[in-house]
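Let me begin by presenting the structure, written as structure tokens, before commenting on it.
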Amino acid sequence: RVYDVLVVGSANADLTVRVDRRPGAGETVLGTDLVESAGGKGANQAAAAARIGGRTALLARVGKDAYGDLLLAAQREAGTDVTPVVVDEAARTGTAMIIVGPDGDNSIVVSPGANAALTPQDVAAARQTVAAATVLSLQLEIPTETVRAAAVTAEECGTRVVLNPSPVPERLAPELLAAADPLVVNEHEARRLSGAADGTPRDWAHALRELGARSVVVTLGADGALLLDGAGLHEVPGVTVDAVDTTGAGDAFTGALATRLARGDTLPAAARFAVRVGAAAVTKPGAQPSYPTLADLDALPGS
Ligand code: ATP
């Protein structure tokens with residue numbers, strides 16, 4: 001196959017301002033200078049995969065505007081094949097307006113823009129690209145019917161699906177859950193989708209597999225990840241680093257996991273690698289600008 005990973009998903013310009021105090025309703029506060037950087041879950045996962053050398057393609061929609069140019073330039077710089085990206089003259093590029101408070105916590109408003117116009121027809125037009133990829137990576141920042149169409153096409157083409165159900169819905173369609181191998185969730189998503197009021201990440205992973213996921217990966221922030229497949233439960237410890245900004249760490253993990261699975265790694269081996277990529281991503285600010293190359297990973301503790 002020509003590609004290790006095809007990502008079908010969102011591309012957003014991240015517009016970030018830091019404030020000393022969050023504004024209340026009807027209030028205005030002054031912030032720092034605006035920082036514009038490349039983000040969006042789909043584009044992030046593609047950039048992470050390409051940066052570590054995965055042969056990667058992205059199917060997304062951006063507007064014909066400066067932010068679209070910024071996102072395409074970032075993908076090309078990472079090494080992604082952007083041939084499938086649709087430049088939409090009728091829509092604006094998606095944006096995420098991010099306010100970072102004094103505590104370092106983010107408040108985010110996403111304006112989907114062109115992401116909302118990515119359709120099942122776009123997936124049908126890219127069928128050859130789906131068939132040319134070993135792994136298809138999906139998230140939920142584009143219309144659900146488009147995600148479903150991509151999962152069905154992957155099944156028909158014998159392409160493995162990695163699904164990161166984020167932003168997390170109330171309920172995940174059973175056919176999407178059944179397509180996921182693995183389902184990649186953080187603790188919040190694992191708890192929500194398993195329907196559990198309490199319990200541990202192990203309990204949620206078992207519940208998600210009983211609900212139909214072929215395999216499950218729960219990311220645990222600084223504590224690494226745990227995985228569950230037919231061979232049982234496996235824990236991957238975290239890598240201790242100085243965390244500067246965790247934005248996009250989960251996407252870095254998922255892009256890396258998809259790449260290593262495509263290259264033939266077992267799920268535990270791919271997750272061990274992905275935990276290192278996630279850890280490297282938190283040592284620098286931003287989403288895509290923080291993603292490591294293989295050489296950057298050599299500088300991590302435990303290399
Ligand atoms: P985000 O929403 O910030 O992108 P997430 O909630 O989807 O992340 P996490 O479980 O927080 O996902 O992090 C994903 C991966 O990133 C972890 O499995 C780990 O490899 C790495 N990671 C995240 N935070 C840290 C940290 N503080 N120290 C080391 N590694 C981290």
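Scheme for the structure tokens: letters A, B, ... for chains in order shown; per-chain residue numbers from 1; ligand numbers from 1 in order shown.
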
(message) To check your reading of the model: which residues sit at most 10 Å from ligand 1 when counting only C-alpha atoms and all ligand atoms? Write the answer as an NGL selection string.
(response) :A and (41 or 44 or 106 or 164 or 166-167 or 184-189 or 217-226 or 236-254 or 271-283 or 287)

How about saving the chosen residues, C-alpha atoms kept, as a short mmCIF file (atom, residue, chain, number, x, y, z; two decimals), in the first residue's frame?
data_model
loop_
_atom_site.label_atom_id
_atom_site.label_comp_id
_atom_site.auth_asym_id
_atom_site.auth_seq_id
_atom_site.Cartn_x
_atom_site.Cartn_y
_atom_site.Cartn_z
CA LYS A 41 -7.67 16.77 15.43
CA ASN A 44 -2.80 17.09 14.10
CA ASN A 106 -7.81 26.30 28.18
CA ASN A 164 -10.48 8.52 18.46
CA SER A 166 -13.39 13.08 20.28
CA PRO A 167 -15.22 15.36 20.93
CA VAL A 184 -8.35 5.38 21.41
CA VAL A 185 -9.84 7.27 24.35
CA ASN A 186 -8.64 9.45 27.20
CA GLU A 187 -9.99 8.80 30.70
CA HIS A 188 -12.88 11.24 30.32
CA GLU A 189 -13.95 9.69 27.00
CA VAL A 217 -6.41 2.06 24.26
CA VAL A 218 -6.97 4.40 27.22
CA THR A 219 -4.44 7.24 27.43
CA LEU A 220 -3.60 8.25 31.00
CA GLY A 221 -1.75 11.57 30.60
CA ALA A 222 1.55 11.53 32.51
CA ASP A 223 0.81 7.92 33.54
CA GLY A 224 1.08 6.58 29.96
CA ALA A 225 -1.63 4.27 28.60
CA LEU A 226 -3.36 0.97 29.07
CA VAL A 236 2.52 1.16 29.29
CA PRO A 237 4.15 3.45 31.87
CA GLY A 238 4.45 7.19 31.19
CA VAL A 239 7.68 9.03 30.38
CA THR A 240 8.63 11.71 32.92
CA VAL A 241 9.17 15.07 31.20
CA ASP A 242 8.78 18.78 32.02
CA ALA A 243 5.25 19.40 30.74
CA VAL A 244 4.97 22.87 29.16
CA ASP A 245 1.70 22.56 27.18
CA THR A 246 -0.40 19.42 26.73
CA THR A 247 -2.39 20.78 23.74
CA GLY A 248 -2.60 18.11 21.06
CA ALA A 249 -0.80 15.40 23.10
CA GLY A 250 -3.62 12.93 22.53
CA ASP A 251 -3.48 13.56 18.76
CA ALA A 252 0.30 13.07 18.74
CA PHE A 253 -0.22 9.75 20.52
CA THR A 254 -2.92 8.60 18.07
CA ALA A 271 1.56 2.06 22.28
CA ARG A 272 5.03 2.13 23.88
CA PHE A 273 6.25 4.21 20.96
CA ALA A 274 3.14 6.45 20.98
CA VAL A 275 3.55 7.19 24.71
CA ARG A 276 7.02 8.57 23.93
CA VAL A 277 5.66 10.72 21.09
CA GLY A 278 2.88 12.06 23.38
CA ALA A 279 5.45 12.86 26.07
CA ALA A 280 7.68 14.72 23.60
CA ALA A 281 4.66 16.73 22.43
CA VAL A 282 4.00 18.15 25.92
CA THR A 283 7.53 19.56 26.20
CA ALA A 287 -0.26 21.27 18.89
#

(request) Enumerate as a PyMOL selection string all residues of stretch 15-147 of chain A assigned to alpha helix (DSSP H) by DSSP on the backbone, naming them with the chain letters and numbers the document uses. (result) chain A and resi 41-51+66-78+120-125+127-131+144-147

Same residues, N, CA and C atoms, saved as an mmCIF file, in the first residue's frame:
data_model
loop_
_atom_site.group_PDB
_atom_site.id
_atom_site.type_symbol
_atom_site.label_atom_id
_atom_site.label_comp_id
_atom_site.auth_asym_id
_atom_site.auth_seq_id
_atom_site.Cartn_x
_atom_site.Cartn_y
_atom_site.Cartn_z
ATOM 1 N N LYS A 41 -8.081 18.155 15.074
ATOM 2 C CA LYS A 41 -7.671 16.774 15.427
ATOM 3 C C LYS A 41 -7.165 15.979 14.234
ATOM 4 N N GLY A 42 -7.853 16.096 13.091
ATOM 5 C CA GLY A 42 -7.421 15.331 11.919
ATOM 6 C C GLY A 42 -6.050 15.777 11.456
ATOM 7 N N ALA A 43 -5.899 17.080 11.270
ATOM 8 C CA ALA A 43 -4.623 17.628 10.791
ATOM 9 C C ALA A 43 -3.512 17.329 11.794
ATOM 10 N N ASN A 44 -3.821 17.396 13.089
ATOM 11 C CA ASN A 44 -2.804 17.092 14.102
ATOM 12 C C ASN A 44 -2.314 15.651 13.972
ATOM 13 N N GLN A 45 -3.250 14.723 13.824
ATOM 14 C CA GLN A 45 -2.850 13.308 13.774
ATOM 15 C C GLN A 45 -2.020 13.038 12.517
ATOM 16 N N ALA A 46 -2.399 13.694 11.410
ATOM 17 C CA ALA A 46 -1.623 13.530 10.174
ATOM 18 C C ALA A 46 -0.212 14.088 10.366
ATOM 19 N N ALA A 47 -0.104 15.272 10.958
ATOM 20 C CA ALA A 47 1.214 15.884 11.153
ATOM 21 C C ALA A 47 2.088 15.015 12.056
ATOM 22 N N ALA A 48 1.473 14.454 13.117
ATOM 23 C CA ALA A 48 2.242 13.596 14.033
ATOM 24 C C ALA A 48 2.767 12.363 13.311
ATOM 25 N N ALA A 49 1.917 11.768 12.481
ATOM 26 C CA ALA A 49 2.304 10.557 11.752
ATOM 27 C C ALA A 49 3.428 10.869 10.761
ATOM 28 N N ALA A 50 3.272 11.978 10.030
ATOM 29 C CA ALA A 50 4.267 12.324 9.005
ATOM 30 C C ALA A 50 5.602 12.707 9.641
ATOM 31 N N ARG A 51 5.542 13.439 10.752
ATOM 32 C CA ARG A 51 6.767 13.928 11.397
ATOM 33 C C ARG A 51 7.684 12.776 11.810
ATOM 34 N N ALA A 66 -6.283 32.659 4.271
ATOM 35 C CA ALA A 66 -4.928 32.636 4.851
ATOM 36 C C ALA A 66 -4.754 31.473 5.838
ATOM 37 N N TYR A 67 -5.810 31.154 6.602
ATOM 38 C CA TYR A 67 -5.681 30.041 7.557
ATOM 39 C C TYR A 67 -5.573 28.706 6.825
ATOM 40 N N GLY A 68 -6.313 28.589 5.716
ATOM 41 C CA GLY A 68 -6.179 27.372 4.903
ATOM 42 C C GLY A 68 -4.751 27.222 4.407
ATOM 43 N N ASP A 69 -4.161 28.341 3.963
ATOM 44 C CA ASP A 69 -2.770 28.308 3.495
ATOM 45 C C ASP A 69 -1.830 27.883 4.630
ATOM 46 N N LEU A 70 -2.080 28.434 5.826
ATOM 47 C CA LEU A 70 -1.237 28.102 6.985
ATOM 48 C C LEU A 70 -1.295 26.601 7.288
ATOM 49 N N LEU A 71 -2.524 26.040 7.228
ATOM 50 C CA LEU A 71 -2.689 24.619 7.552
ATOM 51 C C LEU A 71 -2.033 23.726 6.505
ATOM 52 N N LEU A 72 -2.187 24.102 5.238
ATOM 53 C CA LEU A 72 -1.567 23.302 4.172
ATOM 54 C C LEU A 72 -0.042 23.373 4.263
ATOM 55 N N ALA A 73 0.478 24.562 4.546
ATOM 56 C CA ALA A 73 1.935 24.716 4.662
ATOM 57 C C ALA A 73 2.475 23.858 5.807
ATOM 58 N N ALA A 74 1.733 23.811 6.928
ATOM 59 C CA ALA A 74 2.180 23.012 8.077
ATOM 60 C C ALA A 74 2.200 21.526 7.724
ATOM 61 N N GLN A 75 1.192 21.072 6.979
ATOM 62 C CA GLN A 75 1.166 19.651 6.589
ATOM 63 C C GLN A 75 2.321 19.328 5.650
ATOM 64 N N ARG A 76 2.548 20.219 4.686
ATOM 65 C CA ARG A 76 3.640 19.954 3.735
ATOM 66 C C ARG A 76 4.971 19.921 4.469
ATOM 67 N N GLU A 77 5.120 20.831 5.429
ATOM 68 C CA GLU A 77 6.369 20.896 6.195
ATOM 69 C C GLU A 77 6.572 19.592 6.991
ATOM 70 N N ALA A 78 5.456 19.025 7.505
ATOM 71 C CA ALA A 78 5.559 17.774 8.270
ATOM 72 C C ALA A 78 5.837 16.584 7.353
ATOM 73 N N PRO A 120 -19.835 12.579 2.866
ATOM 74 C CA PRO A 120 -19.618 11.207 2.381
ATOM 75 C C PRO A 120 -19.207 11.185 0.907
ATOM 76 N N GLN A 121 -19.646 12.177 0.114
ATOM 77 C CA GLN A 121 -19.219 12.238 -1.295
ATOM 78 C C GLN A 121 -17.703 12.468 -1.393
ATOM 79 N N ASP A 122 -17.168 13.273 -0.488
ATOM 80 C CA ASP A 122 -15.709 13.484 -0.478
ATOM 81 C C ASP A 122 -14.990 12.166 -0.212
ATOM 82 N N VAL A 123 -15.570 11.362 0.705
ATOM 83 C CA VAL A 123 -14.965 10.059 1.019
ATOM 84 C C VAL A 123 -15.059 9.146 -0.199
ATOM 85 N N ALA A 124 -16.227 9.150 -0.868
ATOM 86 C CA ALA A 124 -16.403 8.304 -2.058
ATOM 87 C C ALA A 124 -15.383 8.693 -3.129
ATOM 88 N N ALA A 125 -15.139 9.988 -3.277
ATOM 89 C CA ALA A 125 -14.181 10.454 -4.292
ATOM 90 C C ALA A 125 -12.757 10.031 -3.947
ATOM 91 N N ARG A 127 -11.953 7.125 -2.508
ATOM 92 C CA ARG A 127 -11.966 5.671 -2.253
ATOM 93 C C ARG A 127 -10.617 5.006 -2.568
ATOM 94 N N GLN A 128 -10.007 5.412 -3.676
ATOM 95 C CA GLN A 128 -8.713 4.817 -4.047
ATOM 96 C C GLN A 128 -7.651 5.107 -2.991
ATOM 97 N N THR A 129 -7.736 6.282 -2.399
ATOM 98 C CA THR A 129 -6.766 6.654 -1.357
ATOM 99 C C THR A 129 -7.001 5.820 -0.096
ATOM 100 N N VAL A 130 -8.272 5.577 0.241
ATOM 101 C CA VAL A 130 -8.565 4.712 1.403
ATOM 102 C C VAL A 130 -7.981 3.322 1.154
ATOM 103 N N ALA A 131 -8.171 2.829 -0.081
ATOM 104 C CA ALA A 131 -7.677 1.486 -0.418
ATOM 105 C C ALA A 131 -6.151 1.442 -0.445
ATOM 106 N N THR A 144 -20.869 13.269 11.430
ATOM 107 C CA THR A 144 -20.883 11.836 11.762
ATOM 108 C C THR A 144 -21.102 10.967 10.542
ATOM 109 N N GLU A 145 -21.963 11.432 9.606
ATOM 110 C CA GLU A 145 -22.230 10.581 8.428
ATOM 111 C C GLU A 145 -20.952 10.416 7.591
ATOM 112 N N THR A 146 -20.077 11.410 7.643
ATOM 113 C CA THR A 146 -18.816 11.317 6.898
ATOM 114 C C THR A 146 -17.878 10.316 7.579
ATOM 115 N N VAL A 147 -17.856 10.335 8.912
ATOM 116 C CA VAL A 147 -17.038 9.375 9.659
ATOM 117 C C VAL A 147 -17.527 7.955 9.374
#

DSSP strand (DSSP E) residues within stretch 121-241 of chain A, listed as a JSON list (two decimals) with N, CA and C atoms, in the first residue's frame:
[["chain", "number", "residue", "atom", "x", "y", "z"],
["A", 133, "ALA", "N", -4.22, 2.90, 1.71],
["A", 133, "ALA", "CA", -3.68, 3.12, 3.06],
["A", 133, "ALA", "C", -3.80, 1.84, 3.89],
["A", 134, "THR", "N", -2.80, 1.57, 4.73],
["A", 134, "THR", "CA", -2.86, 0.42, 5.63],
["A", 134, "THR", "C", -3.80, 0.70, 6.81],
["A", 135, "VAL", "N", -3.74, 1.95, 7.32],
["A", 135, "VAL", "CA", -4.58, 2.34, 8.46],
["A", 135, "VAL", "C", -5.33, 3.62, 8.13],
["A", 136, "LEU", "N", -6.60, 3.68, 8.53],
["A", 136, "LEU", "CA", -7.41, 4.91, 8.42],
["A", 136, "LEU", "C", -7.62, 5.45, 9.83],
["A", 137, "SER", "N", -7.26, 6.71, 10.05],
["A", 137, "SER", "CA", -7.41, 7.32, 11.37],
["A", 137, "SER", "C", -8.58, 8.29, 11.35],
["A", 138, "LEU", "N", -9.53, 8.10, 12.29],
["A", 138, "LEU", "CA", -10.76, 8.91, 12.33],
["A", 138, "LEU", "C", -10.97, 9.54, 13.69],
["A", 139, "GLN", "N", -11.54, 10.73, 13.72],
["A", 139, "GLN", "CA", -11.97, 11.41, 14.94],
["A", 139, "GLN", "C", -13.36, 11.98, 14.66],
["A", 160, "ARG", "N", -7.38, -0.97, 8.09],
["A", 160, "ARG", "CA", -7.63, -1.00, 9.54],
["A", 160, "ARG", "C", -8.06, 0.38, 10.04],
["A", 161, "VAL", "N", -9.04, 0.44, 10.93],
["A", 161, "VAL", "CA", -9.54, 1.74, 11.44],
["A", 161, "VAL", "C", -9.05, 1.98, 12.87],
["A", 162, "VAL", "N", -8.44, 3.13, 13.07],
["A", 162, "VAL", "CA", -8.12, 3.64, 14.40],
["A", 162, "VAL", "C", -9.09, 4.79, 14.65],
["A", 163, "LEU", "N", -9.90, 4.69, 15.72],
["A", 163, "LEU", "CA", -10.93, 5.71, 15.96],
["A", 163, "LEU", "C", -10.71, 6.38, 17.31],
["A", 164, "ASN", "N", -10.61, 7.70, 17.26],
["A", 164, "ASN", "CA", -10.48, 8.52, 18.46],
["A", 164, "ASN", "C", -11.78, 9.32, 18.59],
["A", 180, "ALA", "N", -13.68, 0.03, 15.26],
["A", 180, "ALA", "CA", -12.47, 0.57, 15.91],
["A", 180, "ALA", "C", -11.51, -0.53, 16.34],
["A", 181, "ASP", "N", -10.27, -0.47, 15.84],
["A", 181, "ASP", "CA", -9.26, -1.48, 16.20],
["A", 181, "ASP", "C", -7.87, -0.84, 16.19],
["A", 182, "PRO", "N", -7.56, -0.01, 17.20],
["A", 182, "PRO", "CA", -8.30, 0.18, 18.44],
["A", 182, "PRO", "C", -9.17, 1.45, 18.45],
["A", 183, "LEU", "N", -10.03, 1.48, 19.51],
["A", 183, "LEU", "CA", -10.68, 2.71, 19.95],
["A", 183, "LEU", "C", -9.68, 3.40, 20.88],
["A", 184, "VAL", "N", -9.33, 4.65, 20.58],
["A", 184, "VAL", "CA", -8.35, 5.38, 21.41],
["A", 184, "VAL", "C", -9.08, 6.46, 22.19],
["A", 185, "VAL", "N", -9.09, 6.34, 23.51],
["A", 185, "VAL", "CA", -9.84, 7.27, 24.35],
["A", 185, "VAL", "C", -9.00, 7.78, 25.51],
["A", 186, "ASN", "N", -9.25, 9.02, 25.94],
["A", 186, "ASN", "CA", -8.64, 9.45, 27.20],
["A", 186, "ASN", "C", -9.57, 9.02, 28.33],
["A", 216, "VAL", "N", -9.01, -1.65, 22.65],
["A", 216, "VAL", "CA", -9.20, -0.35, 23.31],
["A", 216, "VAL", "C", -7.86, 0.14, 23.85],
["A", 217, "VAL", "N", -7.57, 1.42, 23.64],
["A", 217, "VAL", "CA", -6.41, 2.06, 24.26],
["A", 217, "VAL", "C", -6.94, 3.24, 25.09],
["A", 218, "VAL", "N", -6.62, 3.26, 26.38],
["A", 218, "VAL", "CA", -6.97, 4.40, 27.22],
["A", 218, "VAL", "C", -5.69, 5.16, 27.53],
["A", 219, "THR", "N", -5.62, 6.43, 27.10],
["A", 219, "THR", "CA", -4.44, 7.24, 27.43],
["A", 219, "THR", "C", -4.62, 7.83, 28.82],
["A", 225, "ALA", "N", -0.42, 4.80, 29.26],
["A", 225, "ALA", "CA", -1.63, 4.27, 28.60],
["A", 225, "ALA", "C", -1.87, 2.84, 29.05],
["A", 226, "LEU", "N", -3.11, 2.40, 28.90],
["A", 226, "LEU", "CA", -3.36, 0.97, 29.07],
["A", 226, "LEU", "C", -4.12, 0.46, 27.87],
["A", 227, "LEU", "N", -3.88, -0.81, 27.52],
["A", 227, "LEU", "CA", -4.53, -1.35, 26.33],
["A", 227, "LEU", "C", -5.16, -2.68, 26.64],
["A", 228, "LEU", "N", -6.21, -2.95, 25.88],
["A", 228, "LEU", "CA", -6.93, -4.21, 26.04],
["A", 228, "LEU", "C", -7.28, -4.73, 24.65],
["A", 229, "ASP", "N", -6.83, -5.97, 24.38],
["A", 229, "ASP", "CA", -7.26, -6.62, 23.14],
["A", 229, "ASP", "C", -7.48, -8.10, 23.45],
["A", 232, "GLY", "N", -5.43, -9.69, 26.07],
["A", 232, "GLY", "CA", -5.54, -9.26, 27.46],
["A", 232, "GLY", "C", -5.14, -7.81, 27.68],
["A", 233, "LEU", "N", -4.93, -7.50, 28.97],
["A", 233, "LEU", "CA", -4.66, -6.12, 29.38],
["A", 233, "LEU", "C", -3.16, -5.88, 29.45],
["A", 234, "HIS", "N", -2.74, -4.69, 29.05],
["A", 234, "HIS", "CA", -1.31, -4.38, 29.02],
["A", 234, "HIS", "C", -1.15, -2.93, 29.46],
["A", 235, "GLU", "N", -0.18, -2.68, 30.34],
["A", 235, "GLU", "CA", 0.05, -1.30, 30.79],
["A", 235, "GLU", "C", 1.34, -0.76, 30.22],
["A", 236, "VAL", "N", 1.31, 0.49, 29.78],
["A", 236, "VAL", "CA", 2.52, 1.16, 29.29],
["A", 236, "VAL", "C", 2.78, 2.35, 30.21]]

(request) Would you please work out which residue, of A:Thr259, A:Thr266, A:Asn12, A:Thr159, is nearest to A:Gly39 when using only C-alpha atoms? (result) A:Asn12

Spatial neighbours of A:Ala117, max dist 12 Å, only C-alpha atoms, sep filter under 3 positions, as a short mmCIF file (atom, residue, chain, number, x, y, z; two decimals) with C-alpha atoms, in the first residue's frame:
data_model
loop_
_atom_site.label_atom_id
_atom_site.label_comp_id
_atom_site.auth_asym_id
_atom_site.auth_seq_id
_atom_site.Cartn_x
_atom_site.Cartn_y
_atom_site.Cartn_z
CA GLY A 9 -10.81 14.57 9.69
CA SER A 10 -10.71 18.20 10.72
CA ALA A 11 -8.23 20.99 10.14
CA ALA A 60 -9.91 17.38 5.00
CA ARG A 61 -11.57 20.61 3.87
CA VAL A 62 -10.13 24.08 4.36
CA GLY A 63 -11.29 27.46 3.05
CA VAL A 86 -10.35 19.96 -0.68
CA VAL A 87 -9.95 23.76 -0.81
CA ASP A 88 -13.55 24.96 -0.41
CA GLU A 89 -14.30 28.35 -2.00
CA ALA A 90 -17.67 28.56 -0.24
CA ALA A 91 -16.52 28.10 3.37
CA ARG A 92 -14.00 29.55 5.80
CA THR A 93 -11.25 27.46 7.32
CA GLY A 94 -12.25 26.06 10.72
CA PRO A 112 -16.16 24.30 12.31
CA GLY A 113 -16.27 26.26 9.02
CA ALA A 114 -15.17 24.04 6.12
CA PRO A 120 -19.62 11.21 2.38
CA GLN A 121 -19.22 12.24 -1.29
CA ASP A 122 -15.71 13.48 -0.48
CA VAL A 123 -14.97 10.06 1.02
CA GLU A 141 -14.72 16.85 14.50
CA ILE A 142 -16.38 16.30 11.08
CA PRO A 143 -20.02 15.29 10.36
CA THR A 144 -20.88 11.84 11.76
CA GLU A 145 -22.23 10.58 8.43
CA THR A 146 -18.82 11.32 6.90
#

Can you list, as a PDB file with N, CA and C atoms, in the first residue's frame, every protein, DNA or RNA residue that comes within 12 Å of A:Asp105 when you count only C-alpha atoms, leaving out same-chain residues fewer than 3 positions away?
ATOM      1  N   VAL A  17      -4.799  33.156  22.817  1.00  0.00           N
ATOM      2  CA  VAL A  17      -4.477  34.363  23.593  1.00  0.00           C
ATOM      3  C   VAL A  17      -4.397  33.966  25.062  1.00  0.00           C
ATOM      4  N   ARG A  18      -3.377  34.490  25.753  1.00  0.00           N
ATOM      5  CA  ARG A  18      -3.279  34.252  27.193  1.00  0.00           C
ATOM      6  C   ARG A  18      -3.855  35.443  27.951  1.00  0.00           C
ATOM      7  N   VAL A  19      -4.572  35.171  29.034  1.00  0.00           N
ATOM      8  CA  VAL A  19      -5.159  36.251  29.835  1.00  0.00           C
ATOM      9  C   VAL A  19      -4.798  36.056  31.309  1.00  0.00           C
ATOM     10  N   ASP A  20      -4.760  37.186  32.053  1.00  0.00           N
ATOM     11  CA  ASP A  20      -4.512  37.086  33.500  1.00  0.00           C
ATOM     12  C   ASP A  20      -5.776  36.641  34.223  1.00  0.00           C
ATOM     13  N   ARG A  21      -6.906  36.976  33.612  1.00  0.00           N
ATOM     14  CA  ARG A  21      -8.190  36.661  34.246  1.00  0.00           C
ATOM     15  C   ARG A  21      -9.189  36.401  33.130  1.00  0.00           C
ATOM     16  N   ARG A  22      -9.979  35.322  33.276  1.00  0.00           N
ATOM     17  CA  ARG A  22     -10.965  35.015  32.233  1.00  0.00           C
ATOM     18  C   ARG A  22     -12.096  36.031  32.265  1.00  0.00           C
ATOM     19  N   ILE A  98      -8.836  29.913  21.393  1.00  0.00           N
ATOM     20  CA  ILE A  98      -8.357  29.312  22.646  1.00  0.00           C
ATOM     21  C   ILE A  98      -7.935  30.411  23.608  1.00  0.00           C
ATOM     22  N   ILE A  99      -8.557  30.443  24.771  1.00  0.00           N
ATOM     23  CA  ILE A  99      -8.159  31.391  25.819  1.00  0.00           C
ATOM     24  C   ILE A  99      -7.451  30.596  26.902  1.00  0.00           C
ATOM     25  N   VAL A 100      -6.203  30.951  27.155  1.00  0.00           N
ATOM     26  CA  VAL A 100      -5.437  30.246  28.185  1.00  0.00           C
ATOM     27  C   VAL A 100      -5.422  31.118  29.436  1.00  0.00           C
ATOM     28  N   GLY A 101      -6.006  30.606  30.513  1.00  0.00           N
ATOM     29  CA  GLY A 101      -6.094  31.352  31.770  1.00  0.00           C
ATOM     30  C   GLY A 101      -4.801  31.265  32.559  1.00  0.00           C
ATOM     31  N   PRO A 102      -4.731  31.984  33.695  1.00  0.00           N
ATOM     32  CA  PRO A 102      -3.509  32.015  34.501  1.00  0.00           C
ATOM     33  C   PRO A 102      -3.144  30.642  35.058  1.00  0.00           C
ATOM     34  N   ILE A 108     -12.073  26.867  25.128  1.00  0.00           N
ATOM     35  CA  ILE A 108     -11.980  26.813  23.667  1.00  0.00           C
ATOM     36  C   ILE A 108     -13.361  26.914  23.020  1.00  0.00           C
ATOM     37  N   VAL A 244       5.113  21.435  29.410  1.00  0.00           N
ATOM     38  CA  VAL A 244       4.970  22.866  29.158  1.00  0.00           C
ATOM     39  C   VAL A 244       3.555  23.171  28.679  1.00  0.00           C
ATOM     40  N   ASP A 245       3.016  22.324  27.790  1.00  0.00           N
ATOM     41  CA  ASP A 245       1.701  22.559  27.182  1.00  0.00           C
ATOM     42  C   ASP A 245       1.207  21.226  26.625  1.00  0.00           C
ATOM     43  N   THR A 246       0.084  20.746  27.155  1.00  0.00           N
ATOM     44  CA  THR A 246      -0.404  19.422  26.732  1.00  0.00           C
ATOM     45  C   THR A 246      -1.305  19.480  25.497  1.00  0.00           C
ATOM     46  N   THR A 247      -1.507  20.674  24.913  1.00  0.00           N
ATOM     47  CA  THR A 247      -2.387  20.783  23.739  1.00  0.00           C
ATOM     48  C   THR A 247      -1.943  19.812  22.647  1.00  0.00           C
TER      49      THR A 247
END

(message) So the first atom is atom CA of A:Val7 and the second is atom CA of A:Leu177; what is the distance between them in Å, to one decimal place?
(response) 17.6 Å

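Of the residues listed (A:Ala231, A:Ile52, A:Val8, A:Val2), A:Ile52 shows the shortest atom-to-atom separation from A:Leu257; distances use only C-alpha atoms.
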
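Taking atom CA of A:Ala178 and atom CA of A:Arg214 as endpoints, the distance between them is 6.5 Å.
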
(request) Have a look at atom CA of A:Leu140 and atom CA of A:Arg171 and let me know their distance in Å, one decimal. (result) 12.1 Å
